[in-house]
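This is query.txt. It holds compact mmCIF, C-alpha atoms.
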```txt
# COMPACT_ATOMS: atom_id res chain seq x y z
CA MET M 1 24.78 -0.34 17.74
CA ALA M 2 24.77 3.15 19.25
CA LYS M 3 21.94 5.48 18.31
CA SER M 4 24.19 8.10 16.79
CA LYS M 5 26.07 5.59 14.61
CA PHE M 6 22.91 3.82 13.41
CA SER M 7 21.06 7.02 12.52
CA LYS M 8 24.13 8.69 10.97
CA THR M 9 24.81 5.66 8.79
CA LEU M 10 21.15 5.42 7.78
CA LEU M 11 20.81 9.12 7.00
CA LYS M 12 24.05 9.18 5.03
CA TRP M 13 22.85 6.26 2.91
CA HIS M 14 19.49 7.99 2.40
CA SER M 15 21.05 11.25 1.22
CA SER M 16 21.89 9.61 -2.10
CA ASN M 17 19.35 6.76 -2.19
CA ALA M 18 16.01 8.33 -1.31
CA ARG M 19 12.97 7.25 -3.29
CA ALA M 20 11.38 10.06 -5.28
CA HIS M 21 7.64 10.29 -4.63
CA PRO M 22 5.37 13.31 -5.16
CA TRP M 23 4.27 13.44 -1.50
CA LYS M 24 7.82 13.56 -0.16
CA ASN M 25 8.52 17.18 -1.05
CA THR M 26 5.67 18.67 0.94
CA LYS M 27 4.88 19.60 4.52
CA ASN M 28 1.18 19.84 3.73
CA PRO M 29 -0.47 17.52 6.30
CA TYR M 30 -3.51 17.04 4.06
CA PHE M 31 -1.39 15.75 1.17
CA ILE M 32 0.70 13.57 3.51
CA TRP M 33 -2.43 12.13 5.14
CA LEU M 34 -3.95 11.43 1.72
CA SER M 35 -0.83 9.61 0.52
CA GLU M 36 -0.60 7.51 3.68
CA ILE M 37 -4.24 6.39 3.48
CA ILE M 38 -3.92 5.47 -0.21
CA LEU M 39 -0.74 3.47 0.47
CA GLN M 40 -2.16 1.55 3.45
CA GLN M 41 -3.29 -1.37 1.29
CA THR M 42 -1.78 -0.38 -2.04
CA ARG M 43 1.66 -0.62 -3.61
CA VAL M 44 3.41 2.69 -4.30
CA GLU M 45 3.40 2.12 -8.08
CA ALA M 46 -0.36 1.57 -8.12
CA GLY M 47 -1.18 4.27 -5.56
CA THR M 48 0.76 7.17 -7.08
CA PRO M 49 -1.68 7.88 -9.96
CA TYR M 50 -4.58 7.91 -7.47
CA TYR M 51 -2.75 10.35 -5.22
CA LEU M 52 -2.14 12.68 -8.16
CA LYS M 53 -5.80 12.45 -9.22
CA PHE M 54 -7.01 13.22 -5.71
CA ILE M 55 -4.86 16.29 -5.16
CA LYS M 56 -5.86 17.59 -8.59
CA THR M 57 -9.58 16.99 -7.99
CA TYR M 58 -9.53 18.04 -4.32
CA PRO M 59 -6.53 20.40 -3.92
CA LYS M 60 -7.74 21.53 -0.48
CA ILE M 61 -9.25 19.57 2.37
CA GLN M 62 -12.37 21.74 2.05
CA ASP M 63 -12.81 20.44 -1.51
CA LEU M 64 -12.77 16.85 -0.28
CA ALA M 65 -15.17 17.66 2.57
CA ASN M 66 -17.64 19.33 0.20
CA ALA M 67 -17.63 16.46 -2.30
CA GLU M 68 -20.37 13.84 -2.42
CA LEU M 69 -19.31 10.45 -1.07
CA ASP M 70 -20.28 8.75 -4.34
CA GLU M 71 -17.90 11.11 -6.17
CA VAL M 72 -15.07 10.16 -3.80
CA TYR M 73 -15.88 6.47 -4.29
CA ALA M 74 -15.81 6.89 -8.07
CA LEU M 75 -12.35 8.50 -7.88
CA TRP M 76 -11.22 5.70 -5.53
CA LYS M 77 -12.47 3.00 -7.90
CA GLY M 78 -9.89 0.25 -8.36
CA LEU M 79 -8.05 0.78 -5.07
CA GLY M 80 -10.30 -1.50 -3.03
CA TYR M 81 -10.90 -1.32 0.74
CA TYR M 82 -13.44 1.47 0.24
CA SER M 83 -13.72 2.06 3.98
CA ARG M 84 -10.50 4.06 3.54
CA ALA M 85 -12.28 6.45 1.16
CA LYS M 86 -15.29 6.70 3.45
CA ASN M 87 -13.06 7.53 6.43
CA LEU M 88 -11.13 10.09 4.36
CA HIS M 89 -14.36 11.86 3.47
CA SER M 90 -15.73 11.71 7.02
CA THR M 91 -12.49 12.97 8.57
CA ALA M 92 -12.19 15.79 6.04
CA LYS M 93 -15.67 16.94 7.06
CA LYS M 94 -14.70 16.82 10.73
CA ILE M 95 -11.51 18.83 10.19
CA VAL M 96 -13.46 21.48 8.28
CA SER M 97 -16.30 21.67 10.81
CA GLU M 98 -14.36 21.25 14.08
CA TYR M 99 -10.88 22.55 13.23
CA ASN M 100 -11.87 25.31 10.80
CA GLY M 101 -10.23 23.40 7.96
CA ILE M 102 -6.82 23.39 9.66
CA PHE M 103 -5.26 19.96 10.12
CA PRO M 104 -4.59 19.31 13.85
CA GLN M 105 -0.93 19.51 14.79
CA LYS M 106 -0.80 17.39 17.95
CA TYR M 107 -0.16 13.65 17.72
CA GLU M 108 -3.01 12.78 20.10
CA GLU M 109 -5.51 14.83 18.11
CA ILE M 110 -4.33 13.33 14.82
CA LEU M 111 -4.60 9.83 16.28
CA SER M 112 -8.19 10.51 17.39
CA LEU M 113 -9.33 11.11 13.81
CA LYS M 114 -11.33 8.36 12.12
CA GLY M 115 -9.26 6.02 9.96
CA ILE M 116 -5.94 7.13 11.44
CA GLY M 117 -3.96 4.63 13.52
CA PRO M 118 -0.61 4.94 15.32
CA TYR M 119 1.48 4.47 12.17
CA THR M 120 -0.39 7.08 10.11
CA ALA M 121 -0.48 9.50 13.04
CA ALA M 122 3.29 9.15 13.47
CA ALA M 123 3.87 9.64 9.75
CA ILE M 124 1.78 12.83 9.61
CA SER M 125 3.27 14.13 12.88
CA SER M 126 6.86 13.63 11.76
CA PHE M 127 6.61 14.47 8.05
CA ALA M 128 4.34 17.52 8.38
CA PHE M 129 5.24 18.90 11.81
CA ASP M 130 8.68 17.41 12.65
CA LEU M 131 7.34 15.84 15.83
CA PRO M 132 9.50 13.04 17.33
CA TYR M 133 7.30 10.03 16.60
CA PRO M 134 8.86 6.97 14.90
CA VAL M 135 6.85 5.10 12.28
CA ILE M 136 6.51 1.34 12.52
CA ASP M 137 5.38 -0.32 9.30
CA GLY M 138 6.33 -3.56 7.58
CA ASN M 139 9.54 -2.13 6.16
CA VAL M 140 10.65 -0.81 9.55
CA LYS M 141 9.84 -4.10 11.30
CA ARG M 142 11.89 -6.03 8.75
CA VAL M 143 14.94 -3.76 9.10
CA LEU M 144 14.81 -3.84 12.89
CA ALA M 145 14.13 -7.57 13.12
CA ARG M 146 17.17 -8.36 10.97
CA HIS M 147 19.50 -5.75 12.41
CA GLU M 148 18.63 -6.46 16.04
CA GLY M 149 18.01 -10.21 15.74
CA TYR M 150 14.34 -10.01 16.77
CA SER M 151 13.15 -13.62 16.44
CA LYS M 152 9.62 -13.30 17.83
CA ASP M 153 6.45 -13.07 15.73
CA VAL M 154 6.36 -9.54 14.27
CA LEU M 155 2.59 -9.84 13.77
CA ALA M 156 1.91 -10.54 17.45
CA THR M 157 0.39 -7.78 19.57
CA LYS M 158 3.45 -7.55 21.82
CA ALA M 159 5.75 -6.90 18.85
CA LYS M 160 4.62 -3.26 18.59
CA THR M 161 5.82 -2.63 22.15
CA ASP M 162 9.10 -4.43 21.47
CA PHE M 163 9.83 -2.41 18.33
CA THR M 164 8.94 0.81 20.15
CA ARG M 165 11.58 -0.06 22.77
CA ILE M 166 14.15 -0.76 20.06
CA LEU M 167 13.39 2.58 18.42
CA ASP M 168 13.71 4.34 21.76
CA ILE M 169 17.39 3.48 21.40
CA LEU M 170 17.94 3.94 17.66
CA PHE M 171 15.48 6.70 16.67
CA ASP M 172 16.84 10.21 16.10
CA PRO M 173 14.30 12.64 17.66
CA THR M 174 16.17 15.66 16.31
CA ARG M 175 15.49 14.61 12.70
CA PRO M 176 12.27 12.56 12.90
CA ALA M 177 11.06 13.08 9.34
CA ALA M 178 14.46 12.31 7.82
CA PHE M 179 14.94 9.24 10.01
CA ASN M 180 11.46 7.86 9.26
CA GLN M 181 11.82 8.37 5.52
CA ALA M 182 15.29 6.82 5.58
CA ILE M 183 14.39 3.64 7.42
CA MET M 184 11.27 3.06 5.30
CA ASP M 185 13.19 3.59 2.05
CA PHE M 186 15.98 1.38 3.39
CA GLY M 187 13.54 -1.46 3.96
CA ALA M 188 11.78 -0.99 0.63
CA THR M 189 14.86 -0.83 -1.59
CA LEU M 190 17.78 -2.48 0.23
CA CYS M 191 16.61 -4.68 3.11
CA LYS M 192 13.89 -6.17 0.92
CA PRO M 193 11.66 -9.12 1.89
CA LYS M 194 13.23 -11.31 -0.77
CA ALA M 195 16.72 -10.98 -2.23
CA PRO M 196 17.95 -8.25 0.15
CA LEU M 197 21.03 -6.43 -1.10
CA CYS M 198 23.27 -7.32 1.84
CA PRO M 199 26.61 -6.71 0.04
CA LYS M 200 25.55 -3.08 -0.56
CA CYS M 201 24.19 -2.56 2.97
CA PRO M 202 26.00 0.16 4.98
CA LEU M 203 24.81 -1.56 8.18
CA HIS M 204 26.12 -5.02 7.29
CA LYS M 205 28.84 -5.02 9.96
CA SER M 206 26.32 -4.52 12.76
CA CYS M 207 23.49 -6.68 11.30
CA TYR M 208 22.64 -9.64 13.54
CA ALA M 209 20.85 -11.54 10.76
CA LEU M 210 23.79 -11.32 8.36
CA LYS M 211 26.31 -12.24 11.04
CA HIS M 212 24.29 -15.31 12.11
CA ASN M 213 23.13 -16.28 8.60
CA VAL M 214 19.41 -15.83 9.35
CA VAL M 215 18.57 -13.05 6.90
CA ARG M 216 16.05 -15.23 5.08
CA THR M 217 14.32 -16.41 8.26
CA LEU M 218 13.81 -12.95 9.75
CA PRO M 219 11.39 -11.39 10.34
CA VAL M 220 9.25 -14.20 11.76
CA ARG M 221 5.55 -14.16 10.88
CA LEU M 222 3.45 -16.74 12.69
CA SER M 223 0.09 -15.06 13.17
CA LYS M 224 -2.34 -15.85 10.40
CA ILE M 225 -5.59 -14.13 9.56
CA LYS M 226 -8.58 -16.48 9.67
CA ARG M 227 -10.85 -15.95 6.70
CA ILE M 228 -14.37 -17.18 6.12
CA ASP M 229 -15.61 -18.17 2.66
CA ARG M 230 -18.74 -16.52 1.26
CA PHE M 231 -20.41 -17.65 -1.94
CA PHE M 232 -22.04 -14.93 -4.04
CA HIS M 233 -24.24 -15.45 -7.08
CA PHE M 234 -24.58 -12.23 -9.09
CA PHE M 235 -27.36 -11.81 -11.66
CA VAL M 236 -26.24 -9.59 -14.52
CA PHE M 237 -29.41 -8.32 -16.17
CA LYS M 238 -28.76 -6.59 -19.48
CA ASN M 239 -30.26 -5.58 -22.76
CA ASP M 240 -28.44 -4.09 -25.76
CA ASN M 241 -27.12 -1.01 -23.98
CA GLN M 242 -28.27 -1.05 -20.36
CA ILE M 243 -27.55 -2.98 -17.20
CA ILE M 244 -28.92 -3.19 -13.66
CA PHE M 245 -26.71 -2.14 -10.73
CA ARG M 246 -27.69 -2.59 -7.11
CA LYS M 247 -26.45 -0.26 -4.38
CA ARG M 248 -25.24 -2.14 -1.29
CA ILE M 249 -27.05 -0.34 1.52
CA ASP M 250 -26.79 -3.01 4.24
CA LYS M 251 -24.10 -2.87 6.91
CA ASP M 252 -21.83 -5.42 5.30
CA ILE M 253 -18.74 -5.43 3.10
CA TRP M 254 -18.73 -2.89 0.27
CA GLN M 255 -21.41 -0.72 1.87
CA ASN M 256 -22.56 2.06 -0.52
CA LEU M 257 -20.79 0.48 -3.50
CA PHE M 258 -22.60 -0.93 -6.52
CA ASP M 259 -22.81 -4.56 -7.59
CA PHE M 260 -25.50 -6.74 -9.19
CA PRO M 261 -28.66 -8.37 -7.75
CA ILE M 262 -27.38 -11.22 -5.65
CA ILE M 263 -28.06 -14.50 -3.88
CA GLU M 264 -25.65 -15.64 -1.18
CA SER M 265 -25.47 -19.38 -0.60
CA ALA M 266 -23.77 -21.67 1.91
CA LYS M 267 -21.98 -23.93 -0.60
CA ASN M 268 -19.44 -23.47 -3.36
CA GLU M 269 -21.79 -24.75 -6.02
CA GLU M 270 -23.57 -23.28 -9.00
CA LEU M 271 -27.25 -22.52 -8.37
CA SER M 272 -29.70 -25.08 -9.62
CA GLN M 273 -32.18 -24.13 -12.33
CA ALA M 274 -34.95 -24.12 -9.72
CA GLU M 275 -33.02 -21.78 -7.38
CA ALA M 276 -32.29 -19.35 -10.20
CA SER M 277 -35.91 -19.44 -11.40
CA ASP M 278 -37.24 -18.82 -7.89
CA PHE M 279 -34.99 -15.79 -7.52
CA LEU M 280 -36.09 -14.35 -10.86
CA SER M 281 -39.76 -14.93 -10.08
CA HIS M 282 -39.34 -13.31 -6.68
CA LEU M 283 -37.91 -10.19 -8.33
CA ASP M 284 -40.79 -9.80 -10.76
CA GLU M 285 -43.09 -12.39 -12.30
CA ARG M 286 -43.37 -10.22 -15.42
CA LEU M 287 -39.64 -10.58 -16.12
CA LYS M 288 -38.98 -11.84 -19.64
CA TYR M 289 -35.50 -13.24 -20.01
CA SER M 290 -33.38 -15.56 -22.15
CA ASP M 291 -29.83 -16.80 -22.76
CA LEU M 292 -28.76 -17.41 -19.17
CA VAL M 293 -24.97 -17.89 -19.16
CA VAL M 294 -22.97 -18.73 -16.02
CA LYS M 295 -19.38 -17.53 -15.58
CA GLY M 296 -17.05 -18.26 -12.69
CA PRO M 297 -16.17 -18.98 -10.03
CA LYS M 298 -14.02 -15.90 -9.45
CA SER M 299 -12.52 -15.12 -6.05
CA GLN M 300 -11.42 -12.01 -4.17
CA LEU M 301 -9.53 -11.97 -0.89
CA LEU M 302 -10.55 -9.46 1.75
CA THR M 303 -8.93 -9.08 5.15
CA HIS M 304 -11.21 -11.55 6.92
CA GLN M 305 -13.24 -13.00 4.07
CA ARG M 306 -12.79 -14.75 0.76
CA ILE M 307 -15.51 -13.97 -1.75
CA ILE M 308 -16.20 -16.69 -4.33
CA ALA M 309 -18.50 -15.34 -7.01
CA ARG M 310 -20.42 -16.68 -9.98
CA PHE M 311 -22.07 -14.45 -12.56
CA TYR M 312 -25.38 -15.30 -14.22
CA THR M 313 -25.68 -13.15 -17.34
CA ILE M 314 -29.27 -12.85 -18.56
CA LYS M 315 -30.74 -10.95 -21.49
CA VAL M 316 -33.86 -9.09 -20.39
CA LYS M 317 -36.22 -7.11 -22.63
CA ASN M 318 -38.13 -5.25 -19.91
CA LEU M 319 -35.36 -4.10 -17.55
CA LYS M 320 -37.41 -1.18 -16.22
CA CYS M 321 -39.69 -3.52 -14.29
CA LEU M 322 -36.72 -4.29 -12.00
CA ILE M 323 -36.06 -0.76 -10.80
CA THR M 324 -39.05 -0.67 -8.50
CA GLU M 325 -36.54 -1.58 -5.79
CA SER M 326 -35.03 1.62 -4.35
CA ASP M 327 -31.50 0.23 -4.43
CA TYR M 328 -31.70 -0.93 -8.08
CA HIS M 329 -30.42 1.39 -10.80
CA LEU M 330 -30.78 1.23 -14.58
CA VAL M 331 -27.40 2.19 -16.02
CA ASP M 332 -26.17 2.82 -19.56
CA LEU M 333 -23.27 0.50 -20.32
CA LYS M 334 -21.19 3.42 -21.57
CA ASN M 335 -21.56 5.15 -18.18
CA ASN M 336 -20.89 2.21 -15.87
CA SER M 337 -17.35 3.44 -15.15
CA SER M 338 -18.74 6.34 -13.10
CA PHE M 339 -20.11 3.89 -10.52
CA ALA M 340 -17.86 2.71 -7.70
CA VAL M 341 -17.89 -1.08 -7.66
CA PRO M 342 -16.04 -3.78 -5.68
CA LYS M 343 -12.90 -5.13 -7.32
CA ILE M 344 -14.54 -8.42 -8.22
CA ILE M 345 -17.27 -6.59 -10.16
CA ASP M 346 -14.65 -4.43 -11.88
CA TRP M 347 -12.80 -7.59 -12.89
CA TYR M 348 -16.00 -8.99 -14.35
CA LEU M 349 -16.82 -5.87 -16.33
CA LYS M 350 -13.32 -5.73 -17.80
CA ASP M 351 -13.00 -9.45 -18.57
CA ASN M 352 -13.08 -9.83 -22.36
CA SER M 353 -14.06 -13.47 -22.05
CA ILE M 354 -17.43 -12.48 -20.63
CA SER M 355 -20.12 -11.70 -23.21
CA LEU M 356 -21.37 -8.62 -21.39
CA PHE M 357 -21.30 -6.17 -24.27
CA SER M 358 -22.33 -8.45 -27.10
```
As structure tokens, please, write out the structure in this file.
Amino acid sequence: MAKSKFSKTLLKWHSSNARAHPWKNTKNPYFIWLSEIILQQTRVEAGTPYYLKFIKTYPKIQDLANAELDEVYALWKGLGYYSRAKNLHSTAKKIVSEYNGIFPQKYEEILSLKGIGPYTAAAISSFAFDLPYPVIDGNVKRVLARHEGYSKDVLATKAKTDFTRILDILFDPTRPAAFNQAIMDFGATLCKPKAPLCPKCPLHKSCYALKHNVVRTLPVRLSKIKRIDRFFHFFVFKNDNQIIFRKRIDKDIWQNLFDFPIIESAKNEELSQAEASDFLSHLDERLKYSDLVVKGPKSQLLTHQRIIARFYTIKVKNLKCLITESDYHLVDLKNNSSFAVPKIIDWYLKDNSISLFS
């Protein structure tokens, strides 16, 4: 299909079918960047309230740069993938210190910023500065794979080059922001992963997948992420109104977030009484505890890992003896929400079946 016909059809459809999101009616590169980072691993419905909270709390990039990282983490709580928040904070500091608080306007400079890849750089470049860079996300890949009959693995490394070549033909460089918004909205609302609305599609006459009855088999995804299993045993020390949190200071997942004192084991099995007792004695021989209750397993999928956790709730009278460790913190139960925790810990704290607050 000719470039002009494809883009004109797409833009005409979009003129009356655009999704309404709060970051769409701005050219502010800071707001656009913030929205794109939040939506990297988060659905629009879940990410929108976080976006609104961030721009209210940090209305200027200088406000974000001047904030403490723990404050940013606390605001990010519940979104997961906290490296995104850490990169946001780090990049905001760099823009303030090296660019005088002015967001860079060249694609190459935007791409060089920490936490910003080709897709996000293209989105900021086109939406904020009307630069002719096409975005390539999952929605775009799906639309192009079906329309052009692309039957190779869309997750393969070579696919990015192939889609770039396709967009060299179809992309409208004179209206980059409008084109990018249109094709992403088209994929999200019409050319959906499941149950695409083909009868309503303005591109149905030129769609390869519809013509050859392969809509449900395109796009092809063959590459699979290999995940390792890790088995965590969290010890939840509590008294009537306090709990022990541990700050994760090692270079591992969830760095700088808070969880509970932990043992990691090699097998998906509950700790034996001897293993639990050894751990408690190692922490402090003076520890007086009772009512050990085990909950779990509970799992959380990360990009390259699956965490399988068990929680060992223990009533302790003398909690203060545990905070001799620099990364251990005695926390009032009423104030635990101000601490940024991994999703699996948040699940545990909010699970009514767990006798945490009894």
(request) Go through M:Arg175, M:Arg146, M:Lys24, M:Lys251 one by one, measure the shortest atom-to-atom distance of each to Ser206 of chain M using all atoms listed in the file, and give the residue with the smallest value. (result)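 Closest residue, counting all atoms listed in the file: M:Arg146.
Here atom CA of Lys94 of chain M and atom CA of Ile249 of chain M stand 23.1 Å from one another.
In this comparison, which uses all atoms listed in the file, the residue of M:Ala85, M:Gly80, M:Thr120, M:Ala92 approaching Ala65 of chain M most closely is M:Ala92.
Across M:Lys295, M:Lys238, M:Arg246, M:Lys317, the tightest approach to Asp351 of chain M is made by M:Lys295 when counting only C-alpha atoms.
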(request) Excluding Phe127 of chain M and any residue of its chain fewer than 4 positions from it, enumerate the residues within 7 Å of it, using all atoms listed in the file, and give them as a list in words. (result)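 Surrounding residues, per the criterion: Lys27, Ala123 and Ala177 of chain M.
Contact shell of Pro176 of chain M at 8 Å (all atoms listed in the file; same-chain neighbours under 4 positions omitted): Ser126, Phe127, Asp130, Leu131, Pro132, Tyr133, Pro134, Phe171, Asp172 and Asn180 of chain M.
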(request) Go through M:Asp346, M:Asp284, M:Glu270, M:Asp259 and flag the residue nearest Ile323 of chain M, using only C-alpha atoms for the distances. (result)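 Of all the options, M:Asp284 lies closest to Ile323 of chain M.
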(request) Calculate how many Å separate atom CA of Tyr50 of chain M from atom CA of Leu79 of chain M, rounding to one decimal. (result)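 Going from atom CA of Tyr50 of chain M over to atom CA of Leu79 of chain M covers 8.3 Å.
With all atoms listed in the file as the atoms that count, the minimum distance from Val214 of chain M to the choices M:Ile95, M:Cys198, M:Ile169, M:Ile314 is reached by M:Cys198.
Contact shell of segment 186-190 of chain M at 6 Å (all atoms listed in the file; same-chain neighbours under 3 positions omitted): Asn139, Val143, Ala182, Ile183, Pro196 and Leu197 of chain M.
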(request) List the neighbours of Phe339 of chain M out to 10 Å using only C-alpha atoms; skip same-chain residues closer than 4 positions along the sequence, and give me the result as a PyMOL selection string. (result) chain M and resi 70-71+73-75+77+245+247+257-259+331+335
Print the selection's residues with C-alpha atoms to a file, as a compact mmCIF listing (two decimals), in the frame of the given file.
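The resulting out28.txt:
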```
# COMPACT_ATOMS: atom_id res chain seq x y z
CA ASP M 70 -20.28 8.75 -4.34
CA GLU M 71 -17.90 11.11 -6.17
CA TYR M 73 -15.88 6.47 -4.29
CA ALA M 74 -15.81 6.89 -8.07
CA LEU M 75 -12.35 8.50 -7.88
CA LYS M 77 -12.47 3.00 -7.90
CA PHE M 245 -26.71 -2.14 -10.73
CA LYS M 247 -26.45 -0.26 -4.38
CA LEU M 257 -20.79 0.48 -3.50
CA PHE M 258 -22.60 -0.93 -6.52
CA ASP M 259 -22.81 -4.56 -7.59
CA VAL M 331 -27.40 2.19 -16.02
CA ASN M 335 -21.56 5.15 -18.18
```
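For the atom pair formed by atom CA of Asp250 of chain M and atom CA of His282 of chain M, the distance is 19.6 Å, given to one decimal.
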(message) Which residues are near Thr9 of chain M? Cut-off 12 Å, all atoms listed in the file, ignore same chain within fewer than 2 positions. Put them as a list in words.
(response)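 Non-adjacent residues within range: Met1, Ala2, Lys3, Ser4, Lys5, Phe6, Ser7, Leu11, Lys12, Trp13, His14, Ser15, Ser16, Leu170, Asp172, Phe179, Ala182, Ile183, Phe186, Cys201, Pro202, Leu203, His204, Lys205 and Ser206 of chain M.
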(message) Please list, as a ChimeraX atom specification, the residues that have an atom at most 12 Å away from (1.5, 6.5, -10.5) in the coordinates of this file, counting only C-alpha atoms.
(response) /M:20-23,35,38-39,42-54
(request) Find, counting all atoms listed in the file, the residue in M:Ser337, M:Ala122, M:Glu269, M:Ile228 that gets nearest to Leu302 of chain M. (result)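 Looking at the shortest contact to Leu302 of chain M, the residue is M:Ile228.
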For segment 12-20 of chain M, I'd like the enclosing box, axis-aligned and padded by 6 Å on every side, reported as JSON with centre and edge lengths in Å to one decimal.
```
{"center_x": 17.7, "center_y": 8.8, "center_z": -0.1, "size_x": 24.7, "size_y": 17.0, "size_z": 22.3}
```
(message) Is it possible to get the residues within 12 Å of (-1.9, 2.2, 16.7) (coordinates as in the file, counting all atoms listed in the file) written as a list in words?
(response)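 Residues lying no farther than 12 Å from the given point: Tyr107, Glu108, Ile110, Leu111, Ser112, Leu113, Gly115, Ile116, Gly117, Pro118, Tyr119, Thr120, Ala121, Ala122, Ala123, Pro134, Val135, Ile136, Asp137, Thr157, Lys160, Thr161 and Thr164 of chain M.
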Deliver the residues from the most recent selection as a file, using C-alpha atoms, as a JSON list (two decimals), in the frame of the given file.
```json
[["chain", "number", "residue", "atom", "x", "y", "z"],
["M", 107, "TYR", "CA", -0.16, 13.65, 17.72],
["M", 108, "GLU", "CA", -3.01, 12.78, 20.10],
["M", 110, "ILE", "CA", -4.33, 13.33, 14.82],
["M", 111, "LEU", "CA", -4.60, 9.83, 16.28],
["M", 112, "SER", "CA", -8.19, 10.51, 17.39],
["M", 113, "LEU", "CA", -9.33, 11.11, 13.81],
["M", 115, "GLY", "CA", -9.26, 6.02, 9.96],
["M", 116, "ILE", "CA", -5.94, 7.13, 11.44],
["M", 117, "GLY", "CA", -3.96, 4.63, 13.52],
["M", 118, "PRO", "CA", -0.61, 4.94, 15.32],
["M", 119, "TYR", "CA", 1.48, 4.47, 12.17],
["M", 120, "THR", "CA", -0.39, 7.08, 10.11],
["M", 121, "ALA", "CA", -0.48, 9.50, 13.04],
["M", 122, "ALA", "CA", 3.29, 9.15, 13.47],
["M", 123, "ALA", "CA", 3.87, 9.64, 9.75],
["M", 134, "PRO", "CA", 8.86, 6.97, 14.90],
["M", 135, "VAL", "CA", 6.85, 5.10, 12.28],
["M", 136, "ILE", "CA", 6.51, 1.34, 12.52],
["M", 137, "ASP", "CA", 5.38, -0.32, 9.30],
["M", 157, "THR", "CA", 0.39, -7.78, 19.57],
["M", 160, "LYS", "CA", 4.62, -3.26, 18.59],
["M", 161, "THR", "CA", 5.82, -2.63, 22.15],
["M", 164, "THR", "CA", 8.94, 0.81, 20.15]]
```
Can you give me N, CA and C atoms for segment 202-213 of chain M, written as a tab-separated table (two decimals), in the frame of the given file?
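out-v1.tsv was written with the following content:
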```tsv
chain	number	residue	atom	x	y	z
M	202	PRO	N	25.03	-0.57	4.15
M	202	PRO	CA	26.00	0.16	4.98
M	202	PRO	C	25.96	-0.27	6.45
M	203	LEU	N	24.94	-1.08	6.80
M	203	LEU	CA	24.81	-1.56	8.18
M	203	LEU	C	25.21	-3.03	8.31
M	204	HIS	N	25.87	-3.57	7.30
M	204	HIS	CA	26.12	-5.02	7.29
M	204	HIS	C	27.03	-5.47	8.44
M	205	LYS	N	27.93	-4.61	8.89
M	205	LYS	CA	28.84	-5.02	9.96
M	205	LYS	C	28.14	-5.18	11.30
M	206	SER	N	27.03	-4.46	11.48
M	206	SER	CA	26.32	-4.52	12.76
M	206	SER	C	25.03	-5.33	12.67
M	207	CYS	N	24.76	-5.95	11.51
M	207	CYS	CA	23.49	-6.68	11.30
M	207	CYS	C	23.56	-8.07	11.91
M	208	TYR	N	22.70	-8.33	12.87
M	208	TYR	CA	22.64	-9.64	13.54
M	208	TYR	C	22.31	-10.74	12.53
M	209	ALA	N	21.31	-10.50	11.68
M	209	ALA	CA	20.85	-11.54	10.76
M	209	ALA	C	21.95	-11.96	9.79
M	210	LEU	N	22.71	-11.00	9.30
M	210	LEU	CA	23.79	-11.32	8.36
M	210	LEU	C	24.91	-12.07	9.08
M	211	LYS	N	25.23	-11.61	10.27
M	211	LYS	CA	26.31	-12.24	11.04
M	211	LYS	C	25.99	-13.68	11.39
M	212	HIS	N	24.69	-13.96	11.67
M	212	HIS	CA	24.29	-15.31	12.11
M	212	HIS	C	23.60	-16.11	10.99
M	213	ASN	N	23.66	-15.58	9.76
M	213	ASN	CA	23.13	-16.28	8.60
M	213	ASN	C	21.63	-16.61	8.73
```
